[in-house]
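**Student:** Structure below; questions to follow.
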Amino acid sequence: MVALPWLRWYKRERRELPWRKTKDPYPIWISEIMLQQTRVAAAIPYYERFLERFPNVEALAAAAEEEVLAQWSGLGYYSRARNLLRAARLIVQSGGFPRDYDSIRTLPGVGDYTAAAIASIAFGLPRAALDGNVIRVLARLLDERGDIGSAKTRKRLAQAAERLLDRKRPGEFNQALMELGATICLPREPQCPRCPFAAMCQARRSGVERQLPVKRRAVQWVRVAKTLLVIRKGDRILLRQRDAASSQMAGFWELPEAELLPRAVLGERLATVAHTITNHRYRLSIVSATLRRVPRGFSWIEKEELSRIPLSTASRKALASPHFSPATCCGAR
Ligand code: SF4
């Protein structure tokens, strides 16, 4: 049988990623959840550590939430970790990983894309998976000029993806499109001469590939400046734990904000850290400080403890800045 150009290309060019070595739905699920808001290169070490600590769904289901969050610390969007744990417990209660699209889709934290990716890659089910990369590829292949932020355009692209899907190899087809979007059909500089779909790409034929996809609603960025304090006592550092009832990042530890400690005496600026959460762009000044009396709600945490507690991503970034020794914490993770 003659291999299709996209399949030949995918087999030859695909990156050797750890989750591509298996058909087991558990690690595929973990990787898909991690990749929802995290780049591949950043996700790999987390993925490997996570699977080392929780090698199967039973191990994950039996874990305490605080430990799962600690393993996730630094990846951000922590509802993903909480949903993983809830889903793992449901999977164990029901006797095993669900094997059809609709049941996979009911798991906490699993949307249309993730359910289709798991169903097609792990179980070979004919479901097209549309992530941001695939949407860009399809919009160009089909010369789709509608706003990809609109439900109508999304629906058209989803229907087209179902039509194009290779039903004999849905997992490879989905991964080939994702890989193409990540490595060839790049947002600003599509590498069309190297593309296995070049002969059928309508945007390329019309010379509009760089103008697609159309996205009308630009992100409205909110810029926020904050000062985080590094207050030390020997080998310990002062942190605050978010309230368990907090609407965001409940139970997480973080460096105190200067405004929460008006009696702190500020010293030198240690670093400046940029951090983005959804549409908020934070500029964090990390400043050393001293404090005579520690108010309620703050705790001294040993350096060695830092890699074992759920620490906010912003604080982890701050403590991983070059000013701090690797032993300080989380830079070594
Ligand atoms: S030919 Fe170019 S624009 Fe079309 S899918 Fe391939 S890389 Fe993207």
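Here's how to read the names in the structure tokens: chain A, B, ... by the order shown, residue numbers from 1 in each chain, ligand numbers from 1 in the order shown.
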Tell me which protein, DNA and RNA residues are within 12 Å of Val40 (chain A), counting only C-alpha atoms, leaving out same-chain ones fewer than 4 positions away, and put them as number ranges by chain.
**Tutor:** A: 15-19, 31-36, 44-47, 75, 178-179, 182-183
**Student:** Give me a file of those residues, with N, CA and C atoms, as an mmCIF file, in the first residue's frame.
**Tutor:**
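As written to disk, result_26.cif reads:
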```cif
data_model
loop_
_atom_site.group_PDB
_atom_site.id
_atom_site.type_symbol
_atom_site.label_atom_id
_atom_site.label_comp_id
_atom_site.auth_asym_id
_atom_site.auth_seq_id
_atom_site.Cartn_x
_atom_site.Cartn_y
_atom_site.Cartn_z
ATOM 1 N N ARG A 15 8.351 14.741 16.141
ATOM 2 C CA ARG A 15 9.256 14.796 17.281
ATOM 3 C C ARG A 15 9.016 13.573 18.163
ATOM 4 N N GLU A 16 10.093 13.054 18.707
ATOM 5 C CA GLU A 16 9.961 11.883 19.594
ATOM 6 C C GLU A 16 9.582 12.381 20.983
ATOM 7 N N LEU A 17 8.314 12.473 21.242
ATOM 8 C CA LEU A 17 7.842 12.974 22.533
ATOM 9 C C LEU A 17 7.469 11.791 23.416
ATOM 10 N N PRO A 18 7.700 11.893 24.725
ATOM 11 C CA PRO A 18 7.515 10.709 25.588
ATOM 12 C C PRO A 18 6.120 10.105 25.516
ATOM 13 N N TRP A 19 5.088 10.923 25.347
ATOM 14 C CA TRP A 19 3.718 10.382 25.331
ATOM 15 C C TRP A 19 3.369 9.761 23.977
ATOM 16 N N SER A 31 -0.730 13.778 29.440
ATOM 17 C CA SER A 31 -0.014 14.688 28.532
ATOM 18 C C SER A 31 -0.971 15.700 27.914
ATOM 19 N N GLU A 32 -2.158 15.253 27.517
ATOM 20 C CA GLU A 32 -3.104 16.180 26.893
ATOM 21 C C GLU A 32 -3.551 17.272 27.867
ATOM 22 N N ILE A 33 -3.738 16.910 29.131
ATOM 23 C CA ILE A 33 -4.142 17.922 30.112
ATOM 24 C C ILE A 33 -2.977 18.902 30.328
ATOM 25 N N MET A 34 -1.764 18.385 30.434
ATOM 26 C CA MET A 34 -0.622 19.287 30.629
ATOM 27 C C MET A 34 -0.456 20.231 29.443
ATOM 28 N N LEU A 35 -0.696 19.704 28.237
ATOM 29 C CA LEU A 35 -0.445 20.516 27.036
ATOM 30 C C LEU A 35 -1.562 21.520 26.758
ATOM 31 N N GLN A 36 -2.633 21.475 27.560
ATOM 32 C CA GLN A 36 -3.733 22.425 27.311
ATOM 33 C C GLN A 36 -3.247 23.871 27.398
ATOM 34 N N ILE A 44 7.449 18.517 29.196
ATOM 35 C CA ILE A 44 8.132 17.207 29.244
ATOM 36 C C ILE A 44 8.674 16.868 30.638
ATOM 37 N N PRO A 45 9.477 17.731 31.294
ATOM 38 C CA PRO A 45 9.989 17.332 32.616
ATOM 39 C C PRO A 45 8.881 17.128 33.645
ATOM 40 N N TYR A 46 7.813 17.924 33.551
ATOM 41 C CA TYR A 46 6.691 17.743 34.482
ATOM 42 C C TYR A 46 6.010 16.399 34.224
ATOM 43 N N TYR A 47 5.823 16.100 32.951
ATOM 44 C CA TYR A 47 5.175 14.840 32.570
ATOM 45 C C TYR A 47 5.972 13.661 33.126
ATOM 46 N N LEU A 75 3.423 24.735 36.705
ATOM 47 C CA LEU A 75 2.736 24.593 35.411
ATOM 48 C C LEU A 75 1.587 25.588 35.266
ATOM 49 N N MET A 178 -1.607 18.313 14.279
ATOM 50 C CA MET A 178 -1.081 19.070 15.435
ATOM 51 C C MET A 178 0.405 19.355 15.221
ATOM 52 N N GLU A 179 1.125 18.329 14.757
ATOM 53 C CA GLU A 179 2.573 18.468 14.557
ATOM 54 C C GLU A 179 2.860 19.488 13.447
ATOM 55 N N ALA A 182 2.464 22.867 14.784
ATOM 56 C CA ALA A 182 3.502 23.237 15.750
ATOM 57 C C ALA A 182 4.865 23.445 15.097
ATOM 58 N N THR A 183 5.098 22.794 13.955
ATOM 59 C CA THR A 183 6.462 22.836 13.402
ATOM 60 C C THR A 183 6.570 23.410 11.982
#
```
**Student:** Show which residues sit within 12 Å of region 63-71 of chain A, as a PyMOL selection string. Count only C-alpha atoms, and ignore same-chain residues fewer than 5 positions away.
**Tutor:** chain A and resi 34+43+45-58+76-86+88-89+244+249-253+305-313+316+330+333
**Student:** As a ChimeraX atom specification, please: every protein or nucleic acid residue near ligand 1 (cut-off 9 Å, counting only C-alpha atoms and all ligand atoms).
**Tutor:** /A:136-143,177,180-181,184-187,189-205,207-210,212
**Student:** Considering only C-alpha atoms, give me a table of residues in region 126-222 of chain A that are at most 8 Å from region 272-290 of chain A, with the closest atom pair and distance in Å for each, as a tab-separated table.
**Tutor:**
```
residue	atom	partner	partner_atom	distance
A:Val219	CA	A:Asn279	CA	6.8
A:Gln220	CA	A:Asn279	CA	6.6
A:Trp221	CA	A:Asn279	CA	5.1
A:Val222	CA	A:His280	CA	4.8
```
**Student:** Write out as an MDAnalysis selection string each polymer residue whose atoms come within 7 Å of Leu130 (chain A), counting only C-alpha atoms; drop sequence neighbours fewer than 4 positions from it.
**Tutor:** chainID A and resid 113 134:135
**Student:** For the atom pair CA of Asp166 (chain A) and CA of Ala116 (chain A), what is the interatomic distance in Å to one decimal place?
**Tutor:**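 Taking CA of Asp166 (chain A) as the start and CA of Ala116 (chain A) as the end point, the length is 13.7 Å.
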**Student:** Do you have the CA of Arg188 (chain A)-CA of Val224 (chain A) distance handy?
**Tutor:** 28.1 Å
**Student:** Out of A:Ala176, A:Val92, A:Leu261, A:Ile121, which residue has the shortest atom-to-atom distance to Arg14 (chain A) when counting only C-alpha atoms?
**Tutor:** A:Ala176
**Student:** Please return, as a CSV table (one decimal) with C-alpha atoms, in the first residue's frame, all residues of region 7-162 of chain A that DSSP assigns to alpha helix (DSSP H) on the basis of the backbone.
**Tutor:**
```
chain,number,residue,atom,x,y,z
A,7,LEU,CA,1.6,10.0,6.9
A,8,ARG,CA,5.0,9.6,5.3
A,9,TRP,CA,5.8,13.1,6.5
A,10,TYR,CA,4.5,12.5,10.0
A,11,LYS,CA,6.4,9.2,10.4
A,12,ARG,CA,9.6,10.8,9.2
A,13,GLU,CA,9.5,14.2,10.8
A,25,PRO,CA,-4.9,6.2,27.8
A,26,TYR,CA,-3.6,7.2,31.2
A,27,PRO,CA,-0.3,8.8,30.1
A,28,ILE,CA,-1.9,10.2,27.0
A,29,TRP,CA,-4.6,11.8,29.1
A,30,ILE,CA,-2.0,13.3,31.5
A,31,SER,CA,0.0,14.7,28.5
A,32,GLU,CA,-3.1,16.2,26.9
A,33,ILE,CA,-4.1,17.9,30.1
A,34,MET,CA,-0.6,19.3,30.6
A,40,VAL,CA,5.7,20.9,24.8
A,41,ALA,CA,9.3,21.7,26.0
A,42,ALA,CA,8.1,23.0,29.3
A,43,ALA,CA,5.6,20.1,29.8
A,44,ILE,CA,8.1,17.2,29.2
A,45,PRO,CA,10.0,17.3,32.6
A,46,TYR,CA,6.7,17.7,34.5
A,47,TYR,CA,5.2,14.8,32.6
A,48,GLU,CA,8.1,12.6,33.4
A,49,ARG,CA,8.1,13.5,37.1
A,50,PHE,CA,4.4,13.2,37.3
A,51,LEU,CA,4.4,9.7,35.8
A,52,GLU,CA,7.3,8.6,38.0
A,53,ARG,CA,5.3,9.6,41.1
A,57,VAL,CA,-4.5,6.0,37.5
A,58,GLU,CA,-4.8,4.0,40.8
A,59,ALA,CA,-1.7,5.7,42.2
A,60,LEU,CA,-3.1,9.1,41.2
A,61,ALA,CA,-6.5,8.4,42.7
A,65,GLU,CA,-4.6,16.8,46.6
A,66,GLU,CA,-1.7,18.7,48.2
A,67,GLU,CA,0.8,16.3,46.7
A,68,VAL,CA,-0.8,16.4,43.2
A,69,LEU,CA,-0.7,20.2,43.4
A,70,ALA,CA,3.0,20.1,44.5
A,71,GLN,CA,3.8,18.0,41.5
A,72,TRP,CA,2.0,20.5,39.3
A,79,SER,CA,-7.7,23.6,38.2
A,80,ARG,CA,-6.2,21.1,35.7
A,81,ALA,CA,-4.5,19.2,38.5
A,82,ARG,CA,-7.5,19.2,40.7
A,83,ASN,CA,-9.7,18.0,37.9
A,84,LEU,CA,-7.1,15.2,37.1
A,85,LEU,CA,-7.4,14.0,40.7
A,86,ARG,CA,-11.2,14.1,40.6
A,87,ALA,CA,-11.3,12.3,37.3
A,88,ALA,CA,-8.8,9.7,38.5
A,89,ARG,CA,-11.0,8.8,41.5
A,90,LEU,CA,-14.0,8.5,39.2
A,91,ILE,CA,-12.1,6.3,36.8
A,92,VAL,CA,-11.0,4.0,39.6
A,93,GLN,CA,-14.6,3.9,41.1
A,94,SER,CA,-16.0,3.0,37.7
A,101,TYR,CA,-15.7,9.4,23.3
A,102,ASP,CA,-18.8,10.3,25.2
A,103,SER,CA,-17.7,8.7,28.5
A,104,ILE,CA,-14.2,10.3,28.1
A,105,ARG,CA,-15.8,13.6,27.5
A,112,ASP,CA,-14.2,18.3,23.1
A,113,TYR,CA,-10.6,18.5,21.9
A,114,THR,CA,-9.0,16.5,24.7
A,115,ALA,CA,-11.7,13.8,24.5
A,116,ALA,CA,-11.2,13.5,20.7
A,117,ALA,CA,-7.4,13.4,21.2
A,118,ILE,CA,-7.6,10.6,23.8
A,119,ALA,CA,-10.3,8.6,21.9
A,120,SER,CA,-8.4,8.7,18.6
A,121,ILE,CA,-4.8,8.2,19.9
A,122,ALA,CA,-5.4,5.6,22.6
A,123,PHE,CA,-8.4,3.8,21.1
A,132,GLY,CA,-5.3,26.0,18.2
A,133,ASN,CA,-2.7,24.5,15.9
A,134,VAL,CA,-5.1,22.4,14.0
A,135,ILE,CA,-7.6,25.2,13.6
A,136,ARG,CA,-4.8,27.3,12.0
A,137,VAL,CA,-3.8,24.5,9.6
A,138,LEU,CA,-7.5,23.8,8.6
A,139,ALA,CA,-8.3,27.5,8.1
A,140,ARG,CA,-5.4,27.7,5.7
A,141,LEU,CA,-6.0,24.4,3.9
A,151,ALA,CA,-19.0,29.7,16.8
A,152,LYS,CA,-20.1,29.5,13.1
A,153,THR,CA,-16.6,29.4,11.8
A,154,ARG,CA,-15.5,26.9,14.5
A,155,LYS,CA,-18.5,24.7,13.5
A,156,ARG,CA,-17.5,24.8,9.8
A,157,LEU,CA,-13.9,23.9,10.6
A,158,ALA,CA,-15.1,21.1,12.9
A,159,GLN,CA,-17.3,19.6,10.1
A,160,ALA,CA,-14.4,20.0,7.6
A,161,ALA,CA,-12.1,18.2,10.0
A,162,GLU,CA,-14.5,15.3,10.4
```
**Student:** Can you measure CA of Ala225 (chain A) to CA of Glu302 (chain A) for me? One decimal in Å is fine.
**Tutor:**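 Distance between the two atoms: 27.7 Å.
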**Student:** Would you mind listing what lies within 9 Å of region 231-239 of chain A as a VMD selection string, with only C-alpha atoms counted and same-chain residues fewer than 2 positions away left out?
**Tutor:** chain A and resid 229 241 253 to 256 264 287 to 291 294 297 to 304 328
**Student:** Create the file for the chosen residues now, containing C-alpha atoms and written as a tab-separated table (two decimals), in the first residue's frame.
**Tutor:**
```
chain	number	residue	atom	x	y	z
A	229	LEU	CA	8.91	40.18	49.38
A	241	GLN	CA	-0.81	30.07	52.28
A	253	TRP	CA	1.81	28.96	49.09
A	254	GLU	CA	3.29	32.20	47.79
A	255	LEU	CA	5.72	34.97	48.56
A	256	PRO	CA	3.93	37.77	50.46
A	264	ALA	CA	8.19	45.21	56.46
A	287	VAL	CA	12.53	42.69	46.84
A	288	SER	CA	14.38	41.49	49.94
A	289	ALA	CA	12.89	42.67	53.23
A	290	THR	CA	13.03	42.28	56.97
A	291	LEU	CA	10.17	42.06	59.42
A	294	VAL	CA	5.25	38.05	61.66
A	297	GLY	CA	-1.44	33.82	58.25
A	298	PHE	CA	2.28	33.69	57.35
A	299	SER	CA	4.70	30.80	58.01
A	300	TRP	CA	8.42	30.14	57.90
A	301	ILE	CA	9.11	27.36	55.39
A	302	GLU	CA	12.40	25.47	55.13
A	303	LYS	CA	14.15	25.68	51.75
A	304	GLU	CA	14.04	21.89	51.37
A	328	THR	CA	16.92	27.67	47.36
```
**Student:** Run DSSP on the backbone of this structure and report the residues of region 102-324 of chain A it assigns to strand (DSSP E or B), as a PyMOL selection string.
**Tutor:** chain A and resi 147+214+222-233+236-241+253-254+257+265-277+280-290+298-302+311
**Student:** Kindly save the residues from that selection, with N, CA and C atoms included, as a compact mmCIF listing (two decimals), in the first residue's frame.
**Tutor:**
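Resulting contents of selection12.txt:
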```
# COMPACT_ATOMS: atom_id res chain seq x y z
N ASP A 147 -14.04 34.57 11.01
CA ASP A 147 -13.36 34.81 12.30
C ASP A 147 -13.33 33.50 13.10
N VAL A 214 -8.19 34.29 10.46
CA VAL A 214 -8.68 35.61 10.87
C VAL A 214 -9.16 35.52 12.32
N VAL A 222 -4.44 43.16 30.50
CA VAL A 222 -4.48 43.98 31.71
C VAL A 222 -3.09 43.89 32.33
N ARG A 223 -2.43 45.03 32.48
CA ARG A 223 -1.07 45.02 33.04
C ARG A 223 -1.11 45.34 34.52
N VAL A 224 -0.40 44.53 35.30
CA VAL A 224 -0.43 44.69 36.76
C VAL A 224 1.01 44.67 37.28
N ALA A 225 1.35 45.64 38.13
CA ALA A 225 2.68 45.64 38.76
C ALA A 225 2.51 45.29 40.24
N LYS A 226 3.36 44.40 40.75
CA LYS A 226 3.28 44.01 42.17
C LYS A 226 4.69 43.88 42.71
N THR A 227 4.79 44.00 44.03
CA THR A 227 6.08 43.76 44.69
C THR A 227 5.93 42.55 45.60
N LEU A 228 6.79 41.54 45.39
CA LEU A 228 6.78 40.36 46.26
C LEU A 228 8.01 40.42 47.16
N LEU A 229 7.82 40.05 48.41
CA LEU A 229 8.91 40.18 49.38
C LEU A 229 9.58 38.84 49.66
N VAL A 230 10.91 38.89 49.73
CA VAL A 230 11.68 37.72 50.15
C VAL A 230 12.21 38.04 51.53
N ILE A 231 11.61 37.39 52.53
CA ILE A 231 12.00 37.63 53.93
C ILE A 231 12.57 36.31 54.45
N ARG A 232 13.81 36.34 54.86
CA ARG A 232 14.47 35.08 55.27
C ARG A 232 14.78 35.09 56.75
N LYS A 233 14.87 33.88 57.27
CA LYS A 233 15.34 33.69 58.64
C LYS A 233 16.19 32.43 58.58
N ARG A 236 15.19 29.55 56.27
CA ARG A 236 13.74 29.54 56.07
C ARG A 236 13.29 30.82 55.36
N ILE A 237 12.16 30.72 54.72
CA ILE A 237 11.64 31.86 53.96
C ILE A 237 10.16 32.05 54.33
N LEU A 238 9.76 33.30 54.39
CA LEU A 238 8.39 33.58 54.83
C LEU A 238 7.41 33.45 53.66
N LEU A 239 6.40 32.62 53.85
CA LEU A 239 5.38 32.44 52.82
C LEU A 239 3.99 32.57 53.42
N ARG A 240 3.05 32.79 52.52
CA ARG A 240 1.65 32.87 52.95
C ARG A 240 0.90 31.75 52.23
N GLN A 241 0.01 31.10 52.94
CA GLN A 241 -0.81 30.07 52.28
C GLN A 241 -2.19 30.63 51.99
N TRP A 253 0.90 28.09 48.36
CA TRP A 253 1.81 28.96 49.09
C TRP A 253 2.39 29.98 48.12
N GLU A 254 2.72 31.15 48.66
CA GLU A 254 3.29 32.20 47.79
C GLU A 254 4.10 33.19 48.61
N GLU A 257 2.90 39.59 49.29
CA GLU A 257 2.91 40.87 48.57
C GLU A 257 3.22 41.98 49.57
N VAL A 265 10.40 46.17 56.28
CA VAL A 265 11.39 47.17 55.84
C VAL A 265 12.01 46.64 54.55
N LEU A 266 11.82 47.38 53.47
CA LEU A 266 12.25 46.89 52.17
C LEU A 266 13.75 47.12 51.96
N GLY A 267 14.41 46.14 51.33
CA GLY A 267 15.83 46.25 51.03
C GLY A 267 16.05 46.34 49.53
N GLU A 268 17.05 45.59 49.03
CA GLU A 268 17.39 45.71 47.60
C GLU A 268 16.41 44.94 46.72
N ARG A 269 16.34 45.40 45.47
CA ARG A 269 15.53 44.66 44.50
C ARG A 269 16.38 43.49 43.99
N LEU A 270 15.84 42.30 44.06
CA LEU A 270 16.59 41.10 43.71
C LEU A 270 16.40 40.70 42.25
N ALA A 271 15.22 40.93 41.75
CA ALA A 271 14.92 40.50 40.37
C ALA A 271 13.61 41.11 39.93
N THR A 272 13.37 41.07 38.63
CA THR A 272 12.06 41.43 38.09
C THR A 272 11.58 40.25 37.26
N VAL A 273 10.37 39.84 37.49
CA VAL A 273 9.86 38.62 36.85
C VAL A 273 8.57 38.96 36.11
N ALA A 274 8.47 38.48 34.87
CA ALA A 274 7.22 38.66 34.12
C ALA A 274 6.40 37.38 34.25
N HIS A 275 5.09 37.55 34.39
CA HIS A 275 4.24 36.38 34.55
C HIS A 275 2.88 36.68 33.93
N THR A 276 2.34 35.72 33.20
CA THR A 276 1.05 35.94 32.53
C THR A 276 0.03 34.92 32.99
N ILE A 277 -1.14 35.40 33.37
CA ILE A 277 -2.27 34.49 33.68
C ILE A 277 -3.45 34.99 32.87
N HIS A 280 -3.97 38.65 32.02
CA HIS A 280 -3.25 39.54 32.93
C HIS A 280 -1.75 39.37 32.76
N ARG A 281 -1.07 40.48 32.56
CA ARG A 281 0.39 40.44 32.47
C ARG A 281 0.97 41.09 33.72
N TYR A 282 1.64 40.29 34.52
CA TYR A 282 2.20 40.78 35.78
C TYR A 282 3.67 41.12 35.60
N ARG A 283 4.05 42.24 36.21
CA ARG A 283 5.47 42.57 36.32
C ARG A 283 5.75 42.56 37.82
N LEU A 284 6.53 41.57 38.25
CA LEU A 284 6.74 41.35 39.68
C LEU A 284 8.13 41.81 40.08
N SER A 285 8.18 42.78 40.98
CA SER A 285 9.48 43.18 41.53
C SER A 285 9.72 42.31 42.75
N ILE A 286 10.84 41.62 42.77
CA ILE A 286 11.16 40.75 43.90
C ILE A 286 12.17 41.50 44.77
N VAL A 287 11.75 41.79 45.98
CA VAL A 287 12.53 42.69 46.84
C VAL A 287 12.82 41.98 48.16
N SER A 288 14.07 42.08 48.63
CA SER A 288 14.38 41.49 49.94
C SER A 288 13.82 42.42 51.02
N ALA A 289 13.48 41.86 52.16
CA ALA A 289 12.89 42.67 53.23
C ALA A 289 13.16 42.02 54.57
N THR A 290 12.96 42.81 55.62
CA THR A 290 13.03 42.28 56.97
C THR A 290 11.73 42.63 57.68
N PHE A 298 1.01 33.87 58.06
CA PHE A 298 2.28 33.69 57.35
C PHE A 298 3.08 32.62 58.08
N SER A 299 3.93 31.88 57.37
CA SER A 299 4.70 30.80 58.01
C SER A 299 6.11 30.78 57.47
N TRP A 300 7.03 30.35 58.33
CA TRP A 300 8.42 30.14 57.90
C TRP A 300 8.53 28.74 57.30
N ILE A 301 9.01 28.66 56.08
CA ILE A 301 9.11 27.36 55.39
C ILE A 301 10.59 27.09 55.08
N GLU A 302 11.01 25.87 55.42
CA GLU A 302 12.40 25.47 55.13
C GLU A 302 12.62 25.40 53.61
N LEU A 311 3.39 25.51 45.39
CA LEU A 311 3.90 26.88 45.41
C LEU A 311 3.40 27.58 44.15
```
